[in-house]
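Enquirer: One structure coming up, written as structure tokens, with questions to follow.
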Amino acid sequence: MNTLKAWVSAARLRTLPLSISGILIGSALGNRLSFEALINTNGVSLENLASPYFFKTNIFWLAIATTLGLQILSNFANDYGDGVKGTDNEDRVGPKRALQSGAISKNQMLIGIILMATISLVLAMSLIFVSFGEQYLYYKIFFSVLGLTAIAAAIKYTVGKSAYGYYGLGDLFVFVFFGLVSVVGCYFLYTKNFYYPVFLPAITIGALSTAVLNLNNMRDHDNDKKANKNTMVVKMGVSKAKKYHFSLIITAMISIIIFILFTYRGAKDLLLLLAFIPLLIHLITVAKNTNTKVLDPELKKVALTTFLLSILFSLSQIL
């Protein structure tokens, strides 16, 4: 494997669509509601409104870039942490990792982690500056702390003696950062206020992202148990992990349905329900499964379905 291919593999491109799902939803809501507020406050018509006030592409693209940076940082750190701990070994199911295969050395991966942490920090600070400018000092401080926490969380999932992924806390961090922080945080960057129904799609994205992690941990259950990586699945067992998985998917579906009921504006708001079809098919597959090692294809299905849901949701908000 050549060096470039090894780094692309370590970046785990298949995880990236899932990571930006919350940004798409937060941005769609932020754009629509800030746009409506501008019209209601100033009586500006759609025809007379300059496009930058509506799209705010600077916030959108910086939020996307920051999230992608954090996801790649997390993937590099995960590769390094599981690699040096021996969790990634010949018994591991799924794609072979860069450190595990020897395609990238420990020192090279450490440099990659430092580089991605630096890039993510620069992008996060740029996003905060573009969003708040020279105003909102307390907001800037809060989001700066949040950005540093996100960087630390991306690294500490598997790196170090106190890696929280080895103590069953990965699910909580994924739910918080992929769901609540991603959706609600991005929405706040646009509007500078809270709109509590936004927490409902945030719960949806958080629950679906956690479901992807749970699938990963069910697939790796046997190897993780041997390596003392005490994920939620290792702690509760595969049988209960399947029930937990069902609760995550169902919670995600119920949350977005409640949001639709709260904010219904027409038939276009039902567009996102199309994403329920692959989710229901997925649940049937998991229910029938007798060997968790063959669940790897389901990770991609749930991740892409979450991305599809975010696109359909965004379309329902901007059409």
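Identifiers in the structure tokens: chain A, B, ... in order shown; residue index from 1 per chain; ligand index from 1 in order shown.
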Report the residues of range 31-246 of chain A whose backbone DSSP state falls under helix (DSSP H, G or I), written as a ChimeraX atom specification.
Expert: /A:31-42,51-55,57-85,98-101,106-132,137-156,164-167,170-191,196-219,221-226,232-236,238-246
Enquirer: Give me the residues near range 157-168 of chain A as a PyMOL selection string, where near means some atom within 12 Å (using only C-alpha atoms) and where sequence neighbours in that chain fewer than 6 positions away do not count.
Expert: chain A and resi 71+73-88+109-110+113+150-151+174+213-214+217+224-225+227-236
Enquirer: Show which residues sit within 7 Å of Ile249 in chain A, as a ChimeraX atom specification. Count only C-alpha atoms, and ignore same-chain residues fewer than 3 positions away.
Expert: /A:207-208,211,245-246,252-253
Enquirer: Report the distance between CA of Thr118 in chain A and CA of Ala63 in chain A in Å, rounded to one decimal place.
Expert: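 We find that CA of Thr118 in chain A and CA of Ala63 in chain A lie 15.7 Å from each other.
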Enquirer: Could you give me, as a list in words, the residues within 10 Å of Leu270 in chain A, counting only C-alpha atoms and dropping anything in the same chain fewer than 5 positions from it?
Expert: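 The residues that qualify are Ile257, Ile260, Tyr264, Arg265, Leu312, Phe313 and Ser316 of chain A.
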Enquirer: Include N, CA, C and O atoms and write out the residues we just selected as a short mmCIF file (atom, residue, chain, number, x, y, z; two decimals), in the first residue's frame.
Expert:
data_model
loop_
_atom_site.label_atom_id
_atom_site.label_comp_id
_atom_site.auth_asym_id
_atom_site.auth_seq_id
_atom_site.Cartn_x
_atom_site.Cartn_y
_atom_site.Cartn_z
N ILE A 257 -40.40 12.48 14.21
CA ILE A 257 -41.84 12.55 14.00
C ILE A 257 -42.46 13.63 14.89
O ILE A 257 -43.31 14.42 14.45
N ILE A 260 -41.79 16.99 13.42
CA ILE A 260 -42.69 17.27 12.30
C ILE A 260 -44.05 17.74 12.81
O ILE A 260 -44.64 18.70 12.30
N TYR A 264 -45.06 21.36 11.60
CA TYR A 264 -45.62 20.99 10.29
C TYR A 264 -46.09 22.21 9.49
O TYR A 264 -46.83 23.05 9.97
N ARG A 265 -45.61 22.27 8.22
CA ARG A 265 -45.97 23.38 7.33
C ARG A 265 -46.57 22.89 6.02
O ARG A 265 -47.02 23.68 5.21
N LEU A 312 -32.77 14.95 3.07
CA LEU A 312 -34.22 15.08 2.89
C LEU A 312 -34.78 16.11 3.85
O LEU A 312 -35.67 16.91 3.49
N PHE A 313 -34.30 16.12 5.08
CA PHE A 313 -34.72 17.11 6.06
C PHE A 313 -34.36 18.52 5.58
O PHE A 313 -35.19 19.44 5.65
N SER A 316 -36.60 19.68 2.87
CA SER A 316 -37.94 20.04 3.36
C SER A 316 -37.95 21.42 3.99
O SER A 316 -38.98 22.10 4.01
#
Enquirer: Considering only C-alpha atoms, state which residue in the set A:Ser19, A:Gln135, A:Ser126, A:Ser9 is at the smallest distance from Ala98 in chain A.
Expert: A:Ser9
Enquirer: Between CA of Lys140 in chain A and CA of Ala124 in chain A, what distance in Å does the model show, to one decimal?
Expert: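 A separation of 10.8 Å between them.
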Enquirer: Quick one: residues within 7 Å of Val184 in chain A, only C-alpha atoms, excluding same-chain residues fewer than 2 positions away - as a list of chain:residue names?
Expert: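 Returned residues: A:Gly26, A:Leu180, A:Val181, A:Ser182, A:Cys186, A:Tyr187, A:Phe188, A:Val198, A:Phe199, A:Ala202.
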Enquirer: Expressed in Å to a single decimal, how great is the separation between CA of Tyr244 in chain A and CA of Leu16 in chain A?
Expert: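 Result for CA of Tyr244 in chain A versus CA of Leu16 in chain A: 24.2 Å, one decimal.
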